[in-house]
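S.K.: Structure supplied as target_25.cif; contents: mmCIF, C-alpha atoms.
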```cif
data_start
#
loop_
_atom_site.label_atom_id
_atom_site.label_comp_id
_atom_site.auth_asym_id
_atom_site.auth_seq_id
_atom_site.Cartn_x
_atom_site.Cartn_y
_atom_site.Cartn_z
CA MET A 1345 111.16 128.88 98.22
CA ALA A 1346 108.00 129.42 100.16
CA SER A 1347 104.47 128.86 98.95
CA SER A 1348 102.79 131.04 101.55
CA THR A 1349 104.84 133.70 103.29
CA PRO A 1350 104.27 137.07 104.91
CA ALA A 1351 104.52 140.08 102.59
CA GLU A 1352 107.96 141.19 103.85
CA CYS A 1353 109.44 137.88 102.77
CA SER A 1354 107.89 137.58 99.30
CA ALA A 1355 110.93 138.71 97.28
CA LEU A 1356 113.54 137.75 99.86
CA CYS A 1357 112.34 134.15 100.11
CA LYS A 1358 112.80 133.68 96.36
CA ASN A 1359 116.39 134.91 96.39
CA LYS A 1360 118.76 131.93 96.07
CA ASN A 1361 121.65 133.81 97.71
CA PHE A 1362 119.46 134.59 100.71
CA LEU A 1363 118.17 131.02 101.02
CA GLN A 1364 121.72 129.65 100.87
CA THR A 1365 122.86 132.02 103.63
CA LEU A 1366 119.75 131.25 105.67
CA HIS A 1367 120.60 127.54 105.45
CA LEU A 1368 124.19 128.16 106.59
CA ALA A 1369 122.97 130.37 109.44
CA ARG A 1370 120.49 127.65 110.50
CA ASN A 1371 123.37 125.20 110.73
CA GLN A 1372 125.44 127.60 112.85
CA VAL A 1373 122.58 128.51 115.19
CA GLY A 1374 121.64 124.83 115.52
CA ILE A 1375 125.21 123.87 116.43
CA MET A 1376 125.38 126.62 119.06
CA ILE A 1377 122.05 125.55 120.58
CA ARG A 1378 123.07 121.90 120.75
CA MET A 1379 126.45 122.76 122.27
CA ALA A 1380 124.84 124.99 124.90
CA ASN A 1381 122.49 122.20 125.98
CA GLU A 1382 124.76 119.13 125.76
CA PRO A 1383 126.24 117.83 129.04
CA LEU A 1384 129.85 117.94 127.80
CA THR A 1385 129.67 121.48 126.41
CA TYR A 1386 126.93 122.86 128.67
CA ASP A 1387 126.76 126.67 128.81
CA SER A 1388 124.54 127.90 131.62
CA ASP A 1389 124.22 131.36 130.03
CA ARG A 1390 122.83 129.95 126.76
CA ALA A 1391 121.18 126.67 127.75
CA GLY A 1392 117.41 126.68 127.39
CA ARG A 1393 117.42 130.13 125.76
CA MET A 1394 116.75 131.32 122.23
CA LEU A 1395 119.81 132.09 120.17
CA GLY A 1396 119.79 134.11 116.99
CA THR A 1397 121.72 135.93 114.31
CA VAL A 1398 121.23 138.85 111.95
CA LEU A 1399 121.30 138.35 108.18
CA ARG A 1400 122.35 141.31 106.01
CA GLU A 1401 122.70 141.91 102.31
CA LYS A 1402 126.17 142.88 101.12
CA PRO A 1403 126.72 145.42 98.30
CA ASP A 1404 127.44 142.62 95.80
CA GLY A 1405 123.98 141.08 96.32
CA THR A 1406 125.11 138.19 98.52
CA PHE A 1407 124.17 137.81 102.17
CA GLU A 1408 126.06 137.25 105.39
CA TYR A 1409 125.11 136.41 108.96
CA GLY A 1410 126.59 137.77 112.17
CA ARG A 1411 127.57 136.31 115.52
CA VAL A 1412 125.11 134.03 117.25
CA SER A 1413 123.88 135.47 120.54
CA THR A 1414 121.04 135.55 123.04
CA ASP A 1415 120.45 139.27 122.47
CA VAL A 1416 118.82 139.09 119.03
CA LEU A 1417 115.38 138.48 120.53
CA TYR A 1418 115.72 141.85 122.28
CA GLY A 1419 116.68 143.78 119.13
CA LYS A 1420 120.43 143.81 119.83
CA GLU A 1421 123.36 142.11 118.18
CA VAL A 1422 126.93 141.36 119.17
CA ILE A 1423 129.64 142.75 116.94
CA ALA A 1424 133.27 141.71 116.97
CA ASN A 1425 135.44 143.79 119.28
CA GLY A 1426 138.75 142.02 119.63
CA PHE A 1427 138.34 138.86 121.69
CA THR A 1428 135.04 140.04 123.15
CA GLY A 1429 131.90 141.50 121.65
CA ALA A 1430 130.09 144.81 121.90
CA HIS A 1431 126.31 145.15 121.86
CA GLN A 1432 124.47 147.46 119.49
CA GLU A 1433 120.90 147.93 118.27
CA ILE A 1434 120.07 145.94 115.14
CA LYS A 1435 119.81 148.19 112.09
CA HIS A 1436 119.51 147.52 108.35
CA ALA A 1437 118.89 143.80 108.71
CA ALA A 1438 117.55 141.81 105.76
CA ALA A 1439 116.20 139.19 108.18
CA ILE A 1440 116.63 137.76 111.66
CA LEU A 1441 117.03 134.06 112.45
CA ILE A 1442 116.08 132.81 115.91
CA GLY A 1443 116.54 129.25 117.12
CA VAL A 1444 114.48 127.98 120.02
CA ALA A 1445 115.67 125.64 122.77
CA PRO A 1446 115.59 121.88 122.07
CA ASP A 1447 112.70 121.25 124.47
CA TRP A 1448 110.39 123.61 122.53
CA ARG A 1449 107.83 121.97 120.27
CA GLY A 1450 105.92 123.54 117.38
CA GLY A 1451 102.94 124.53 119.52
CA ARG A 1452 105.10 126.47 121.93
CA VAL A 1453 106.70 128.36 119.04
CA ARG A 1454 103.23 129.26 117.73
CA ARG A 1455 102.15 130.52 121.16
CA ALA A 1456 105.07 132.99 121.14
CA GLU A 1457 103.89 134.50 117.84
CA GLN A 1458 103.26 137.94 119.35
CA THR A 1459 106.90 138.18 120.47
CA TYR A 1460 108.12 137.58 116.92
CA THR A 1461 105.60 139.88 115.23
CA ARG A 1462 106.53 142.72 117.60
CA LEU A 1463 110.22 142.19 116.86
CA ALA A 1464 109.52 142.15 113.09
CA GLU A 1465 107.66 145.45 113.44
CA LYS A 1466 110.44 147.02 115.52
CA LEU A 1467 113.23 145.93 113.15
CA ASP A 1468 111.23 146.20 109.91
CA CYS A 1469 112.39 142.84 108.59
CA PRO A 1470 111.10 139.25 108.57
CA ILE A 1471 111.90 137.00 111.52
CA PHE A 1472 112.67 133.34 110.85
CA ILE A 1473 112.16 130.97 113.76
CA MET A 1474 113.77 127.54 113.63
CA GLY A 1475 113.16 124.50 115.74
CA SER A 1476 116.11 122.64 117.19
CA GLY A 1477 114.59 119.74 119.11
CA SER A 1478 113.36 116.42 117.75
CA GLY A 1479 109.77 117.68 117.47
CA ALA A 1480 110.61 120.74 115.39
CA ILE A 1481 114.10 120.35 113.93
CA ARG A 1482 112.85 120.41 110.34
CA LYS A 1483 110.42 123.26 110.90
CA LEU A 1484 110.96 126.89 110.07
CA TRP A 1485 108.46 129.69 110.62
CA VAL A 1486 108.56 133.22 109.24
CA ALA A 1487 106.91 136.23 110.87
CA ASP A 1488 106.29 139.81 109.88
CA GLU A 1489 104.49 142.50 111.87
CA ASP A 1490 101.07 141.01 111.06
CA SER A 1491 101.37 137.23 111.03
CA MET A 1492 103.49 134.12 111.37
CA VAL A 1493 103.33 131.12 109.05
CA GLU A 1494 105.29 127.93 108.57
CA PHE A 1495 107.92 128.39 105.88
CA LEU A 1496 107.58 125.72 103.21
CA TRP A 1497 110.67 124.76 101.24
CA LYS A 1498 110.11 123.95 97.57
CA LYS A 1499 111.34 120.47 96.77
#
```
Can I see the file as C-alpha coordinates?

M.R.:
Amino acid sequence: MASSTPAECSALCKNKNFLQTLHLARNQVGIMIRMANEPLTYDSDRAGRMLGTVLREKPDGTFEYGRVSTDVLYGKEVIANGFTGAHQEIKHAAAILIGVAPDWRGGRVRRAEQTYTRLAEKLDCPIFIMGSGSGAIRKLWVADEDSMVEFLWKK
(Lines of atoms letter the chains of each structure in order from A and count residues from 1; the text may use other names and numbers.)
(Lines give C-alpha, C1' and ligand atoms only; values in the text may rest on other atoms or scores of the structure.)
Protein backbone atom coordinates (compact mmCIF):
# COMPACT_ATOMS: atom_id res chain seq x y z
CA MET A 1 0.00 0.00 0.00
CA ALA A 2 1.19 3.50 -0.67
CA SER A 3 1.40 6.32 1.82
CA SER A 4 1.49 9.12 -0.74
CA THR A 5 0.16 8.44 -4.21
CA PRO A 6 -1.43 10.38 -7.04
CA ALA A 7 -5.23 10.64 -6.94
CA GLU A 8 -5.83 8.08 -9.71
CA CYS A 9 -4.09 5.42 -7.66
CA SER A 10 -5.72 6.05 -4.27
CA ALA A 11 -8.25 3.19 -4.40
CA LEU A 12 -6.31 0.99 -6.80
CA CYS A 13 -3.16 1.00 -4.67
CA LYS A 14 -5.12 -0.35 -1.68
CA ASN A 15 -6.56 -3.27 -3.64
CA LYS A 16 -4.75 -6.48 -2.65
CA ASN A 17 -5.64 -8.21 -5.94
CA PHE A 18 -4.14 -5.32 -7.89
CA LEU A 19 -0.97 -5.22 -5.78
CA GLN A 20 -0.48 -8.97 -6.20
CA THR A 21 -0.84 -8.70 -9.99
CA LEU A 22 1.43 -5.65 -10.05
CA HIS A 23 4.09 -7.68 -8.22
CA LEU A 24 3.79 -10.56 -10.71
CA ALA A 25 3.94 -8.13 -13.63
CA ARG A 26 7.06 -6.51 -12.14
CA ASN A 27 8.72 -9.91 -12.04
CA GLN A 28 7.83 -10.62 -15.68
CA VAL A 29 8.93 -7.20 -16.95
CA GLY A 30 12.15 -7.45 -14.93
CA ILE A 31 12.95 -10.87 -16.39
CA MET A 32 12.35 -9.60 -19.93
CA ILE A 33 14.58 -6.55 -19.35
CA ARG A 34 17.40 -8.64 -17.91
CA MET A 35 17.16 -11.18 -20.75
CA ALA A 36 17.22 -8.43 -23.38
CA ASN A 37 20.40 -6.94 -21.90
CA GLU A 38 22.36 -10.07 -20.91
CA PRO A 39 25.15 -11.17 -23.29
CA LEU A 40 23.81 -14.74 -23.67
CA THR A 41 20.21 -13.71 -24.40
CA TYR A 42 20.88 -10.27 -25.90
CA ASP A 43 17.99 -8.86 -27.96
CA SER A 44 19.03 -5.84 -30.00
CA ASP A 45 15.40 -4.75 -30.48
CA ARG A 46 14.73 -4.60 -26.72
CA ALA A 47 18.14 -3.93 -25.17
CA GLY A 48 18.44 -0.51 -23.56
CA ARG A 49 14.74 0.26 -24.12
CA MET A 50 11.78 0.54 -21.79
CA LEU A 51 9.50 -2.46 -21.70
CA GLY A 52 6.00 -2.45 -20.31
CA THR A 53 2.69 -4.19 -19.89
CA VAL A 54 -0.97 -3.29 -19.43
CA LEU A 55 -2.85 -4.28 -16.29
CA ARG A 56 -6.63 -4.74 -16.56
CA GLU A 57 -9.38 -5.63 -14.14
CA LYS A 58 -11.35 -8.77 -14.96
CA PRO A 59 -15.12 -9.04 -14.33
CA ASP A 60 -14.53 -11.12 -11.18
CA GLY A 61 -12.52 -8.31 -9.54
CA THR A 62 -9.08 -9.83 -10.10
CA PHE A 63 -6.46 -8.34 -12.39
CA GLU A 64 -4.33 -9.60 -15.25
CA TYR A 65 -1.39 -8.26 -17.22
CA GLY A 66 -0.73 -8.54 -20.94
CA ARG A 67 2.30 -9.23 -23.10
CA VAL A 68 5.48 -7.34 -22.35
CA SER A 69 6.49 -5.06 -25.21
CA THR A 70 8.34 -1.90 -26.17
CA ASP A 71 5.15 -0.27 -27.49
CA VAL A 72 3.45 0.48 -24.17
CA LEU A 73 5.32 3.76 -23.78
CA TYR A 74 3.68 4.90 -27.03
CA GLY A 75 0.13 3.98 -25.96
CA LYS A 76 0.00 0.67 -27.84
CA GLU A 77 -0.07 -2.93 -26.71
CA VAL A 78 0.62 -6.26 -28.36
CA ILE A 79 -2.20 -8.77 -28.33
CA ALA A 80 -1.87 -12.46 -29.09
CA ASN A 81 -2.41 -13.32 -32.74
CA GLY A 82 -1.28 -16.88 -33.25
CA PHE A 83 2.50 -17.10 -33.03
CA THR A 84 2.92 -13.37 -33.60
CA GLY A 85 1.31 -10.30 -32.11
CA ALA A 86 -0.89 -7.52 -33.40
CA HIS A 87 -0.65 -3.92 -32.21
CA GLN A 88 -3.63 -1.95 -30.95
CA GLU A 89 -4.24 1.24 -28.99
CA ILE A 90 -4.44 0.73 -25.23
CA LYS A 91 -8.02 1.07 -23.97
CA HIS A 92 -9.71 0.36 -20.63
CA ALA A 93 -6.48 -0.19 -18.72
CA ALA A 94 -6.50 -0.20 -14.92
CA ALA A 95 -2.79 0.71 -14.92
CA ILE A 96 0.37 0.56 -17.00
CA LEU A 97 3.69 -0.84 -15.80
CA ILE A 98 6.89 0.35 -17.47
CA GLY A 99 10.35 -0.98 -16.68
CA VAL A 100 13.39 1.11 -17.51
CA ALA A 101 16.71 -0.18 -18.83
CA PRO A 102 19.26 -1.46 -16.27
CA ASP A 103 21.61 1.50 -16.76
CA TRP A 104 18.90 3.99 -15.69
CA ARG A 105 19.19 5.38 -12.18
CA GLY A 106 16.48 7.05 -10.10
CA GLY A 107 17.41 10.56 -11.21
CA ARG A 108 17.04 9.69 -14.86
CA VAL A 109 13.59 8.22 -14.20
CA ARG A 110 12.58 11.45 -12.43
CA ARG A 111 13.81 13.56 -15.36
CA ALA A 112 11.44 11.65 -17.68
CA GLU A 113 8.43 12.55 -15.52
CA GLN A 114 6.74 14.55 -18.28
CA THR A 115 6.71 11.49 -20.56
CA TYR A 116 4.87 9.44 -17.94
CA THR A 117 2.39 12.17 -16.96
CA ARG A 118 1.46 12.71 -20.62
CA LEU A 119 0.92 8.97 -21.07
CA ALA A 120 -1.22 8.84 -17.90
CA GLU A 121 -3.35 11.69 -19.25
CA LYS A 122 -3.71 10.05 -22.68
CA LEU A 123 -4.68 6.63 -21.26
CA ASP A 124 -6.56 7.91 -18.20
CA CYS A 125 -4.88 5.49 -15.81
CA PRO A 126 -1.89 5.52 -13.44
CA ILE A 127 1.54 4.66 -14.81
CA PHE A 128 3.90 2.63 -12.64
CA ILE A 129 7.59 2.93 -13.45
CA MET A 130 9.98 0.32 -12.10
CA GLY A 131 13.73 0.33 -11.90
CA SER A 132 15.65 -2.70 -13.09
CA GLY A 133 19.30 -1.83 -12.50
CA SER A 134 21.25 -2.05 -9.27
CA GLY A 135 20.60 1.62 -8.44
CA ALA A 136 16.83 1.41 -8.75
CA ILE A 137 15.76 -2.25 -8.65
CA ARG A 138 13.72 -1.80 -5.47
CA LYS A 139 12.16 1.47 -6.55
CA LEU A 140 8.74 1.97 -8.02
CA TRP A 141 7.22 5.29 -9.04
CA VAL A 142 3.61 6.06 -9.87
CA ALA A 143 2.45 8.88 -12.13
CA ASP A 144 -0.87 10.42 -13.04
CA GLU A 145 -1.53 13.35 -15.36
CA ASP A 146 -0.37 15.86 -12.73
CA SER A 147 2.54 14.37 -10.82
CA MET A 148 4.88 11.47 -10.19
CA VAL A 149 5.87 10.17 -6.75
CA GLU A 150 7.81 7.24 -5.39
CA PHE A 151 5.47 4.41 -4.50
CA LEU A 152 6.00 3.31 -0.91
CA TRP A 153 5.13 -0.26 0.02
CA LYS A 154 3.63 -0.75 3.47
CA LYS A 155 5.71 -3.17 5.49

S.K.: Got a sec to resolve the PyMOL selection byres ((chain A and resi 1398-1414) around 6) on this structure and send the residues as a VMD selection string?

M.R.: chain A and resid 1361 to 1362 1395 to 1397 1415 to 1416 1437 to 1440

S.K.: Using the chain letters and residue numbers of this document, give as a PyMOL selection string the residues selected by the PyMOL selection byres ((chain A and resi 1491) around 8).

M.R.: chain A and resi 1350+1457+1461+1487-1490+1492-1493

S.K.: Any idea what's packed within 9 Å of region 1371-1386 of chain A, counting all atoms listed in the file, ignoring anything in its chain fewer than 6 positions away? Could you give it as a list in words?

M.R.: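 What passes the distance filter is Gly1392, Arg1393, Met1394, Leu1395, Gly1396, Thr1397, Val1412, Ser1413, Leu1441, Ile1442, Gly1443, Val1444, Ala1445, Pro1446, Met1474, Gly1475, Ser1476, Gly1477 and Ile1481 of chain A.
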
S.K.: Would you mind reading off the distance between CA of Val1453 (chain A) and CA of Leu1368 (chain A), one decimal, in Å?

M.R.: 21.5 Å

S.K.: Between A:Leu1363, A:Tyr1418, A:Lys1435, A:Asn1425, which is the closest to Thr1459 (chain A) once you count only C-alpha atoms?

M.R.: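 So, comparing all the options, the nearest one is A:Tyr1418.
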
S.K.: For CA of Gln1432 (chain A) and CA of Lys1420 (chain A), determine how far apart the two atoms are, in Å to one decimal place.

M.R.: 5.5 Å

S.K.: To one decimal place, how far is CA of Gln1458 (chain A) from CA of Glu1433 (chain A) in Å?

M.R.: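 About the pair CA of Gln1458 (chain A) and CA of Glu1433 (chain A): they are 20.3 Å apart.
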
S.K.: Counting all atoms listed in the file, figure out which residue out of A:Thr1365, A:Arg1390, A:Cys1353, A:Gly1429 gets nearest to Ile1471 (chain A).

M.R.: A:Cys1353

S.K.: Of the residues A:Phe1472, A:Phe1495, A:Phe1427, A:Trp1485, which is the one nearest to Ala1369 (chain A), using all atoms listed in the file?

M.R.: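 Closest to Ala1369 (chain A) of all the choices is A:Phe1472.
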